[in-house]
Amino acid sequence: MVSAQSNQFICGRPIDECLQIIERFHGWQAPGLVLGLFMVDLARELIGSGTEADAVVETRHCLPDAVQLFTPCTIGNGWMKILDWDKFALAFYDRRTRCGYRVWVDLEKMRHFPKLFNWFMRLIPKKELPLEELLDVIIAAGRQVLSSNPITISRYCDRLKKTEVNVCPVCSEAFAAKQGAICMTCQGKGYYDLCNPKVNRASVVFK
Ligand SMILES: [Zn+2]
């Protein structure tokens with residue numbers, strides 16, 4: 001268990017409880033997710049607890065899980081969008097006013113925590129910095145490595161709604177009508193090959 005400042009409250013909970021939540025969900029106390037916890041905490045505080053905020057996350061790695069765990073925004077409910085830019089940054093904004101805050105890892109600030117900087121920039125092999133030590137540094141640094149700015153969202157602010165549905169005449173599955181008359185897979189643009197093409201819908205016996 002991490003010893004540093006274990007009485008700290010993050011996202012409304014003691015840090016130890018946050019770490020347990022992270023481990024249960026993510027499988028382990030991933031340092032990126034712990035860093036993300038502090039980013040979510042800061043962004044939440046900036047936008048205020050009274051605002052029902054949507055989120056944009058600028059990397060697919062770790063950070064989306066921090067948002068899903070400690071805010072009501074998830075991929076599934078459409079309140080969080082992920083941009084595959086590999087920037088360790090996120091924005092929370094009010095969906096009605098489009099005003100919000102962006103929080104990012106500030107490299108100039110992180111330089112004051114050399115171990116953290118070296119890990120973040122992948123300048124040292126993983127085994128040179130044990131997880132416990134890295135987590136202690138992340139927790140000790142907290143917000144000191146982050147910067148924030150008020151923003152107005154100009155793109156990616158529409159919630160994606162489900163559109164019309166067609167039934168594919170080839171596979172009989174429902175799919176988004178905007179893809180055409182037959183589904184992507186049956187158009188030959190699928191992502192898999194059948195291991196046993198003889199097992200098809202017609203031969204399945206329902207008991
Ligand atoms: Zn089909």
# chains A, B, ... in the order shown; residues from 1 in each chain; ligands from 1
>>> residues_around(residues="range 102-104 of chain A", least_positions_apart="2", cutoff="8 Å", atoms="only C-alpha atoms", output="number ranges by chain")
A: 39, 42-43, 88-92, 100, 106, 146-151
>>> residues_near_ligand(ligand="ligand 1", cutoff="12 Å", atoms="only C-alpha atoms and all ligand atoms", output="PyMOL selection string")
chain A and resi 166-177+179-190+201
>>> select_by_dssp(residues="range 31-168 of chain A", states="helix (DSSP H, G or I)", output="PyMOL selection string")
chain A and resi 31-47+63-70+107-110+114-120+126-128+131-145
>>> residues_around(residues="range 74-81 of chain A", least_positions_apart="3", cutoff="7 Å", atoms="only C-alpha atoms", output="NGL selection string")
:A and (54-57 or 68 or 159-160)
>>> write_last_selection(atoms="all heavy atoms", output="PDB file, in the first residue's frame")
ATOM      1  N   ASP A  54     -19.733  17.002 -19.525  1.00  0.00           N
ATOM      2  CA  ASP A  54     -19.269  15.995 -20.471  1.00  0.00           C
ATOM      3  C   ASP A  54     -17.753  16.071 -20.527  1.00  0.00           C
ATOM      4  O   ASP A  54     -17.163  17.065 -20.123  1.00  0.00           O
ATOM      5  CB  ASP A  54     -19.847  16.260 -21.858  1.00  0.00           C
ATOM      6  CG  ASP A  54     -21.281  15.745 -21.984  1.00  0.00           C
ATOM      7  OD1 ASP A  54     -21.935  15.572 -20.941  1.00  0.00           O
ATOM      8  OD2 ASP A  54     -21.727  15.522 -23.121  1.00  0.00           O
ATOM      9  N   ALA A  55     -17.127  15.023 -21.041  1.00  0.00           N
ATOM     10  CA  ALA A  55     -15.663  14.961 -21.037  1.00  0.00           C
ATOM     11  C   ALA A  55     -15.104  14.660 -22.422  1.00  0.00           C
ATOM     12  O   ALA A  55     -15.713  13.930 -23.205  1.00  0.00           O
ATOM     13  CB  ALA A  55     -15.190  13.899 -20.055  1.00  0.00           C
ATOM     14  N   VAL A  56     -13.948  15.256 -22.708  1.00  0.00           N
ATOM     15  CA  VAL A  56     -13.136  14.855 -23.862  1.00  0.00           C
ATOM     16  C   VAL A  56     -11.786  14.431 -23.308  1.00  0.00           C
ATOM     17  O   VAL A  56     -11.193  15.150 -22.497  1.00  0.00           O
ATOM     18  CB  VAL A  56     -12.943  16.011 -24.874  1.00  0.00           C
ATOM     19  CG1 VAL A  56     -12.034  15.560 -26.016  1.00  0.00           C
ATOM     20  CG2 VAL A  56     -14.280  16.480 -25.424  1.00  0.00           C
ATOM     21  N   VAL A  57     -11.319  13.258 -23.706  1.00  0.00           N
ATOM     22  CA  VAL A  57     -10.028  12.754 -23.254  1.00  0.00           C
ATOM     23  C   VAL A  57      -9.136  12.612 -24.482  1.00  0.00           C
ATOM     24  O   VAL A  57      -9.573  12.094 -25.505  1.00  0.00           O
ATOM     25  CB  VAL A  57     -10.182  11.398 -22.524  1.00  0.00           C
ATOM     26  CG1 VAL A  57      -8.849  10.905 -22.012  1.00  0.00           C
ATOM     27  CG2 VAL A  57     -11.169  11.517 -21.374  1.00  0.00           C
ATOM     28  N   GLN A  68     -14.042   7.381 -16.344  1.00  0.00           N
ATOM     29  CA  GLN A  68     -15.173   6.457 -16.167  1.00  0.00           C
ATOM     30  C   GLN A  68     -15.362   6.067 -14.708  1.00  0.00           C
ATOM     31  O   GLN A  68     -16.474   5.850 -14.248  1.00  0.00           O
ATOM     32  CB  GLN A  68     -14.982   5.196 -17.007  1.00  0.00           C
ATOM     33  CG  GLN A  68     -14.893   5.470 -18.484  1.00  0.00           C
ATOM     34  CD  GLN A  68     -15.365   4.310 -19.343  1.00  0.00           C
ATOM     35  OE1 GLN A  68     -16.346   4.411 -20.066  1.00  0.00           O
ATOM     36  NE2 GLN A  68     -14.662   3.192 -19.256  1.00  0.00           N
ATOM     37  N   ARG A 159     -23.325  15.053 -28.695  1.00  0.00           N
ATOM     38  CA  ARG A 159     -23.464  13.662 -28.288  1.00  0.00           C
ATOM     39  C   ARG A 159     -23.903  12.843 -29.496  1.00  0.00           C
ATOM     40  O   ARG A 159     -24.782  13.266 -30.250  1.00  0.00           O
ATOM     41  CB  ARG A 159     -24.506  13.531 -27.177  1.00  0.00           C
ATOM     42  CG  ARG A 159     -23.980  14.029 -25.854  1.00  0.00           C
ATOM     43  CD  ARG A 159     -24.954  13.726 -24.750  1.00  0.00           C
ATOM     44  NE  ARG A 159     -24.436  14.198 -23.482  1.00  0.00           N
ATOM     45  CZ  ARG A 159     -25.138  14.205 -22.356  1.00  0.00           C
ATOM     46  NH1 ARG A 159     -26.370  13.767 -22.363  1.00  0.00           N
ATOM     47  NH2 ARG A 159     -24.596  14.622 -21.240  1.00  0.00           N
ATOM     48  N   LEU A 160     -23.274  11.694 -29.680  1.00  0.00           N
ATOM     49  CA  LEU A 160     -23.605  10.857 -30.829  1.00  0.00           C
ATOM     50  C   LEU A 160     -24.901  10.108 -30.538  1.00  0.00           C
ATOM     51  O   LEU A 160     -25.009   9.376 -29.569  1.00  0.00           O
ATOM     52  CB  LEU A 160     -22.465   9.879 -31.110  1.00  0.00           C
ATOM     53  CG  LEU A 160     -21.118  10.543 -31.420  1.00  0.00           C
ATOM     54  CD1 LEU A 160     -20.017   9.500 -31.533  1.00  0.00           C
ATOM     55  CD2 LEU A 160     -21.195  11.378 -32.689  1.00  0.00           C
TER      56      LEU A 160
END
>>> atom_distance(atom1="CA of Leu107 in chain A", atom2="CA of Leu35 in chain A")
13.4 Å
>>> residues_around(residues="range 128-131 of chain A", least_positions_apart="5", cutoff="9 Å", atoms="only C-alpha atoms", output="PDB file with N, CA, C and O atoms, in the first residue's frame")
ATOM      1  N   GLN A  29      -2.737  -1.139 -10.080  1.00  0.00           N
ATOM      2  CA  GLN A  29      -2.690   0.305  -9.832  1.00  0.00           C
ATOM      3  C   GLN A  29      -1.796   0.969 -10.876  1.00  0.00           C
ATOM      4  O   GLN A  29      -0.678   1.391 -10.595  1.00  0.00           O
ATOM      5  N   ALA A  30      -2.323   1.051 -12.079  1.00  0.00           N
ATOM      6  CA  ALA A  30      -1.560   1.606 -13.196  1.00  0.00           C
ATOM      7  C   ALA A  30      -1.207   3.061 -12.905  1.00  0.00           C
ATOM      8  O   ALA A  30      -2.093   3.858 -12.588  1.00  0.00           O
ATOM      9  N   PRO A  31       0.089   3.411 -13.002  1.00  0.00           N
ATOM     10  CA  PRO A  31       0.500   4.772 -12.660  1.00  0.00           C
ATOM     11  C   PRO A  31      -0.207   5.840 -13.491  1.00  0.00           C
ATOM     12  O   PRO A  31      -0.541   6.905 -12.961  1.00  0.00           O
ATOM     13  N   LYS A 115      12.081  11.625 -11.430  1.00  0.00           N
ATOM     14  CA  LYS A 115      11.678  10.219 -11.604  1.00  0.00           C
ATOM     15  C   LYS A 115      10.368  10.128 -12.374  1.00  0.00           C
ATOM     16  O   LYS A 115      10.202   9.297 -13.275  1.00  0.00           O
ATOM     17  N   TRP A 119       9.835   8.602 -16.143  1.00  0.00           N
ATOM     18  CA  TRP A 119       8.845   7.550 -16.409  1.00  0.00           C
ATOM     19  C   TRP A 119       7.871   8.025 -17.491  1.00  0.00           C
ATOM     20  O   TRP A 119       7.607   7.313 -18.462  1.00  0.00           O
ATOM     21  N   ASP A 136       4.282   6.457  -5.207  1.00  0.00           N
ATOM     22  CA  ASP A 136       4.572   7.429  -4.143  1.00  0.00           C
ATOM     23  C   ASP A 136       4.908   8.796  -4.729  1.00  0.00           C
ATOM     24  O   ASP A 136       4.440   9.829  -4.233  1.00  0.00           O
TER      25      ASP A 136
END
